[in-house]
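Enquirer: Once you've had a glance at the structure underneath, I'll fire off some questions.
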Amino acid sequence: MKLPIQAKRYAFSQIVKLSPIVGSKLLFWKTFKYRLNLENPQTFTEKLMWLKLFEDVEFKRRFTDKVKAREYMITLGYSHLLVPTIGIFDEVDDIIFEQLPRKFVLKCSHGARLTIVCENKREMDYRQTRLQLAEMMAMDYSLEHAEPHYAMIHPRIIIEHFIEPSTSNVSNEYKIHCFHGEPKLIEATVDCSIPKQQTLMLTSDWQNTDYMKKKSSHDEAIAKPEQLEELLAIAKKLSKPFTYVRVDLKIVDEKIYFNNFTFSPEACLYVNIHEEANQKLGQWLELDIGKTKQQVSYARSK
């Protein structure tokens, strides 16, 4: 008998609470149909899994927290890269929607994709939005894909101004993969506002790598942004403390904005790159396999 989806998710979360290693091995097997090698990882996905489970989780947690990440950006002198906030709230009931502008973005501090974009407040159902926010705030995101650095982050709601391009420009995203403090690959997504957006993986000098599996029948060249050197300089400075991190930036109307730090892209289950690329990217990561493996607590902080 097949279990309902909710029951499967609950069962998996209980496994992760007991052992994020076992949870990760289950996810890996389900995705790739071969065993995760944590004793001698070779591929990009295997090494990302090792870093996720055994590197200093508490250290990375400080940068995964979206509120603390903003504070870090300010200390580095990068406040001009942050989307201006309207407010940061501990409770859903503290938000007075009537006082918000017509357009805004709601983000939870403790997980990925916990975002609500409001492009017209008149069309927003406040009651439904509060219920959705309450559900997001109650979620322990670390249990979704066995990602310890999301555990014990104090959940808060960040309300940001809605940044949109003018009629003559588009919004482009640049996810910069940094290995040992060096920006080496750029996932560029052109015009994030359209459903059939195109993403390519490029080198730091803007050459297409063909690492990504094609998602469409055509390949269009992505124009190199005028701010490429600035994007790379920002990513280099931000990634300096980490073995690996993806620095997510975007450009709107020629202005660069910081999105977030990503330590486990695609939950370390990179299915959209070719196996040859998986092997090559793995060679760029040097791990201290002999280090003491730490235990991770999944207790929710107060």
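Residue numbers start at 1 in each chain; chains themselves are named A, B, ... in the order of the structure tokens; ligands are numbered from 1 in the order shown.
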Contacts of Leu114 in chain A at 7 Å or less, counting only C-alpha atoms, minus same-chain residues fewer than 5 places along, as a PyMOL selection string?
Expert: chain A and resi 107-108+136
Enquirer: Save out the residues we just selected, N, CA and C atoms, as a PDB file, in the first residue's frame.
Expert:
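Written out: selection_36.pdb:
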```pdb
ATOM      1  N   LYS A 107       9.492  37.505   2.540  1.00  0.00           N
ATOM      2  CA  LYS A 107      10.452  36.402   2.573  1.00  0.00           C
ATOM      3  C   LYS A 107      10.612  35.907   4.001  1.00  0.00           C
ATOM      4  N   CYS A 108      10.670  34.585   4.159  1.00  0.00           N
ATOM      5  CA  CYS A 108      10.999  34.025   5.466  1.00  0.00           C
ATOM      6  C   CYS A 108      12.507  33.818   5.552  1.00  0.00           C
ATOM      7  N   MET A 136       4.469  28.767   6.477  1.00  0.00           N
ATOM      8  CA  MET A 136       5.876  28.880   6.121  1.00  0.00           C
ATOM      9  C   MET A 136       6.735  29.094   7.361  1.00  0.00           C
TER      10      MET A 136
END
```
Enquirer: Please give the complete set of residues from range 50-133 of chain A that DSSP, run on the backbone, assigns to strand (DSSP E), formatted as a list in words.
Expert: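 Filtering range 50-133 of chain A to strand (DSSP E) leaves Thr85, Ile86, Gly87, Ile88, Phe89, Phe104, Val105, Leu106, Lys107, Cys108, Thr115, Ile116, Val117 and Cys118 of chain A.
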Enquirer: Have a look at A:Asp140, A:Asp205, A:Asp210, A:Glu182 and name the one nearest to Glu276 in chain A; count only C-alpha atoms.
Expert: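 Closest to Glu276 in chain A of all the choices is A:Asp210.
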Enquirer: Go through A:Thr209, A:Gln99, A:Ser109, A:Ser79 and flag the residue nearest Ile153 in chain A, using only C-alpha atoms for the distances.
Expert: A:Ser109
Enquirer: Of the residues A:Ile273, A:Leu36, A:Cys178, A:Leu76, which is the one nearest to Met49 in chain A, using only C-alpha atoms?
Expert: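 Ranked by minimum distance to Met49 in chain A, first place goes to A:Leu36.
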Enquirer: Residues at most 12 Å from Glu135 in chain A, counting only C-alpha atoms, excluding those fewer than 5 positions away in the same chain, as a ChimeraX atom specification?
Expert: /A:91-92,108,114-115,128-130,140-141,155
Enquirer: Take the selection from the previous step and output its residues with all heavy atoms, as a PDB file, in the first residue's frame.
Expert:
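Written output follows (part.pdb):
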```pdb
ATOM      1  N   GLU A  91       6.535  37.938  14.078  1.00  0.00           N
ATOM      2  CA  GLU A  91       5.224  37.292  14.071  1.00  0.00           C
ATOM      3  C   GLU A  91       4.398  37.769  12.872  1.00  0.00           C
ATOM      4  O   GLU A  91       4.470  38.934  12.478  1.00  0.00           O
ATOM      5  CB  GLU A  91       4.451  37.607  15.365  1.00  0.00           C
ATOM      6  CG  GLU A  91       5.174  37.220  16.644  1.00  0.00           C
ATOM      7  CD  GLU A  91       5.282  35.720  16.826  1.00  0.00           C
ATOM      8  OE1 GLU A  91       4.486  34.996  16.173  1.00  0.00           O
ATOM      9  OE2 GLU A  91       6.136  35.276  17.616  1.00  0.00           O
ATOM     10  N   VAL A  92       3.585  36.864  12.349  1.00  0.00           N
ATOM     11  CA  VAL A  92       2.715  37.210  11.223  1.00  0.00           C
ATOM     12  C   VAL A  92       1.739  38.310  11.607  1.00  0.00           C
ATOM     13  O   VAL A  92       1.476  39.232  10.824  1.00  0.00           O
ATOM     14  CB  VAL A  92       1.940  35.957  10.743  1.00  0.00           C
ATOM     15  CG1 VAL A  92       0.952  36.329   9.636  1.00  0.00           C
ATOM     16  CG2 VAL A  92       2.904  34.881  10.270  1.00  0.00           C
ATOM     17  N   CYS A 108      10.670  34.585   4.159  1.00  0.00           N
ATOM     18  CA  CYS A 108      10.999  34.025   5.466  1.00  0.00           C
ATOM     19  C   CYS A 108      12.507  33.818   5.552  1.00  0.00           C
ATOM     20  O   CYS A 108      13.155  33.436   4.572  1.00  0.00           O
ATOM     21  CB  CYS A 108      10.273  32.708   5.677  1.00  0.00           C
ATOM     22  SG  CYS A 108       8.495  32.907   5.937  1.00  0.00           S
ATOM     23  N   LEU A 114      10.752  30.309   0.329  1.00  0.00           N
ATOM     24  CA  LEU A 114       9.654  30.687   1.226  1.00  0.00           C
ATOM     25  C   LEU A 114       9.362  32.164   0.990  1.00  0.00           C
ATOM     26  O   LEU A 114       9.659  33.030   1.813  1.00  0.00           O
ATOM     27  CB  LEU A 114      10.035  30.416   2.683  1.00  0.00           C
ATOM     28  CG  LEU A 114      10.398  28.970   3.017  1.00  0.00           C
ATOM     29  CD1 LEU A 114      10.721  28.831   4.501  1.00  0.00           C
ATOM     30  CD2 LEU A 114       9.271  28.019   2.631  1.00  0.00           C
ATOM     31  N   THR A 115       8.774  32.445  -0.161  1.00  0.00           N
ATOM     32  CA  THR A 115       8.609  33.817  -0.640  1.00  0.00           C
ATOM     33  C   THR A 115       7.223  34.024  -1.213  1.00  0.00           C
ATOM     34  O   THR A 115       6.670  33.134  -1.871  1.00  0.00           O
ATOM     35  CB  THR A 115       9.656  34.123  -1.741  1.00  0.00           C
ATOM     36  OG1 THR A 115      10.973  33.923  -1.211  1.00  0.00           O
ATOM     37  CG2 THR A 115       9.528  35.554  -2.237  1.00  0.00           C
ATOM     38  N   GLN A 128      -5.786  34.784   3.619  1.00  0.00           N
ATOM     39  CA  GLN A 128      -5.099  33.663   3.014  1.00  0.00           C
ATOM     40  C   GLN A 128      -3.578  33.834   3.082  1.00  0.00           C
ATOM     41  O   GLN A 128      -2.842  32.887   3.324  1.00  0.00           O
ATOM     42  CB  GLN A 128      -5.545  33.491   1.559  1.00  0.00           C
ATOM     43  CG  GLN A 128      -4.943  32.290   0.842  1.00  0.00           C
ATOM     44  CD  GLN A 128      -5.277  30.973   1.520  1.00  0.00           C
ATOM     45  OE1 GLN A 128      -6.399  30.783   2.012  1.00  0.00           O
ATOM     46  NE2 GLN A 128      -4.314  30.069   1.561  1.00  0.00           N
ATOM     47  N   THR A 129      -3.123  35.065   2.897  1.00  0.00           N
ATOM     48  CA  THR A 129      -1.690  35.341   2.959  1.00  0.00           C
ATOM     49  C   THR A 129      -1.162  35.101   4.371  1.00  0.00           C
ATOM     50  O   THR A 129      -0.069  34.549   4.547  1.00  0.00           O
ATOM     51  CB  THR A 129      -1.400  36.781   2.525  1.00  0.00           C
ATOM     52  OG1 THR A 129      -1.871  36.966   1.182  1.00  0.00           O
ATOM     53  CG2 THR A 129       0.096  37.073   2.559  1.00  0.00           C
ATOM     54  N   ARG A 130      -1.927  35.502   5.379  1.00  0.00           N
ATOM     55  CA  ARG A 130      -1.502  35.262   6.760  1.00  0.00           C
ATOM     56  C   ARG A 130      -1.400  33.756   7.045  1.00  0.00           C
ATOM     57  O   ARG A 130      -0.460  33.301   7.708  1.00  0.00           O
ATOM     58  CB  ARG A 130      -2.492  35.908   7.733  1.00  0.00           C
ATOM     59  CG  ARG A 130      -2.449  37.424   7.752  1.00  0.00           C
ATOM     60  CD  ARG A 130      -3.403  37.992   8.796  1.00  0.00           C
ATOM     61  NE  ARG A 130      -3.509  39.429   8.702  1.00  0.00           N
ATOM     62  CZ  ARG A 130      -2.632  40.297   9.189  1.00  0.00           C
ATOM     63  NH1 ARG A 130      -1.560  39.837   9.815  1.00  0.00           N
ATOM     64  NH2 ARG A 130      -2.811  41.593   9.061  1.00  0.00           N
ATOM     65  N   ASP A 140      10.087  23.581   9.407  1.00  0.00           N
ATOM     66  CA  ASP A 140      11.512  23.352   9.667  1.00  0.00           C
ATOM     67  C   ASP A 140      12.115  22.951   8.329  1.00  0.00           C
ATOM     68  O   ASP A 140      12.115  21.768   7.962  1.00  0.00           O
ATOM     69  CB  ASP A 140      11.707  22.260  10.714  1.00  0.00           C
ATOM     70  CG  ASP A 140      13.166  22.140  11.148  1.00  0.00           C
ATOM     71  OD1 ASP A 140      14.046  22.588  10.373  1.00  0.00           O
ATOM     72  OD2 ASP A 140      13.424  21.605  12.232  1.00  0.00           O
ATOM     73  N   TYR A 141      12.642  23.913   7.614  1.00  0.00           N
ATOM     74  CA  TYR A 141      13.101  23.683   6.246  1.00  0.00           C
ATOM     75  C   TYR A 141      14.268  22.703   6.191  1.00  0.00           C
ATOM     76  O   TYR A 141      14.474  22.021   5.182  1.00  0.00           O
ATOM     77  CB  TYR A 141      13.494  25.017   5.598  1.00  0.00           C
ATOM     78  CG  TYR A 141      13.752  24.919   4.121  1.00  0.00           C
ATOM     79  CD1 TYR A 141      12.709  24.946   3.203  1.00  0.00           C
ATOM     80  CD2 TYR A 141      15.047  24.794   3.622  1.00  0.00           C
ATOM     81  CE1 TYR A 141      12.939  24.832   1.844  1.00  0.00           C
ATOM     82  CE2 TYR A 141      15.297  24.683   2.271  1.00  0.00           C
ATOM     83  CZ  TYR A 141      14.239  24.706   1.386  1.00  0.00           C
ATOM     84  OH  TYR A 141      14.482  24.586   0.040  1.00  0.00           O
ATOM     85  N   PRO A 155      13.019  31.916  12.765  1.00  0.00           N
ATOM     86  CA  PRO A 155      12.194  32.335  11.635  1.00  0.00           C
ATOM     87  C   PRO A 155      11.671  33.764  11.789  1.00  0.00           C
ATOM     88  O   PRO A 155      11.064  34.107  12.797  1.00  0.00           O
ATOM     89  CB  PRO A 155      11.038  31.328  11.639  1.00  0.00           C
ATOM     90  CG  PRO A 155      10.972  30.815  13.035  1.00  0.00           C
ATOM     91  CD  PRO A 155      12.365  30.875  13.585  1.00  0.00           C
TER      92      PRO A 155
END
```
Enquirer: Mind checking which residues fall within 9 Å of Leu185 in chain A, counting only C-alpha atoms, ignoring those fewer than 2 positions away in the same chain, and posting them as a compact mmCIF listing (two decimals) with C-alpha atoms, in the first residue's frame?
Expert:
```
# COMPACT_ATOMS: atom_id res chain seq x y z
CA LYS A 175 24.32 32.47 -9.74
CA ILE A 176 28.08 32.39 -9.32
CA HIS A 177 29.65 29.11 -8.17
CA CYS A 178 32.74 29.83 -6.06
CA PRO A 183 34.35 32.40 -8.93
CA GLU A 187 24.60 30.15 -14.07
CA MET A 201 26.36 27.63 -17.28
CA LEU A 202 29.27 29.79 -18.34
CA THR A 203 32.92 30.24 -17.41
CA SER A 204 34.09 33.37 -15.63
CA TRP A 206 31.71 34.16 -20.40
CA THR A 209 30.52 25.25 -20.96
```
Enquirer: Point out the residue among A:Lys33, A:Lys121, A:His80, A:Lys184 with the least atom-to-atom distance to Gln207 in chain A, counting only C-alpha atoms.
Expert: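 Residue with the minimum atom-to-atom distance to Gln207 in chain A: A:Lys184.
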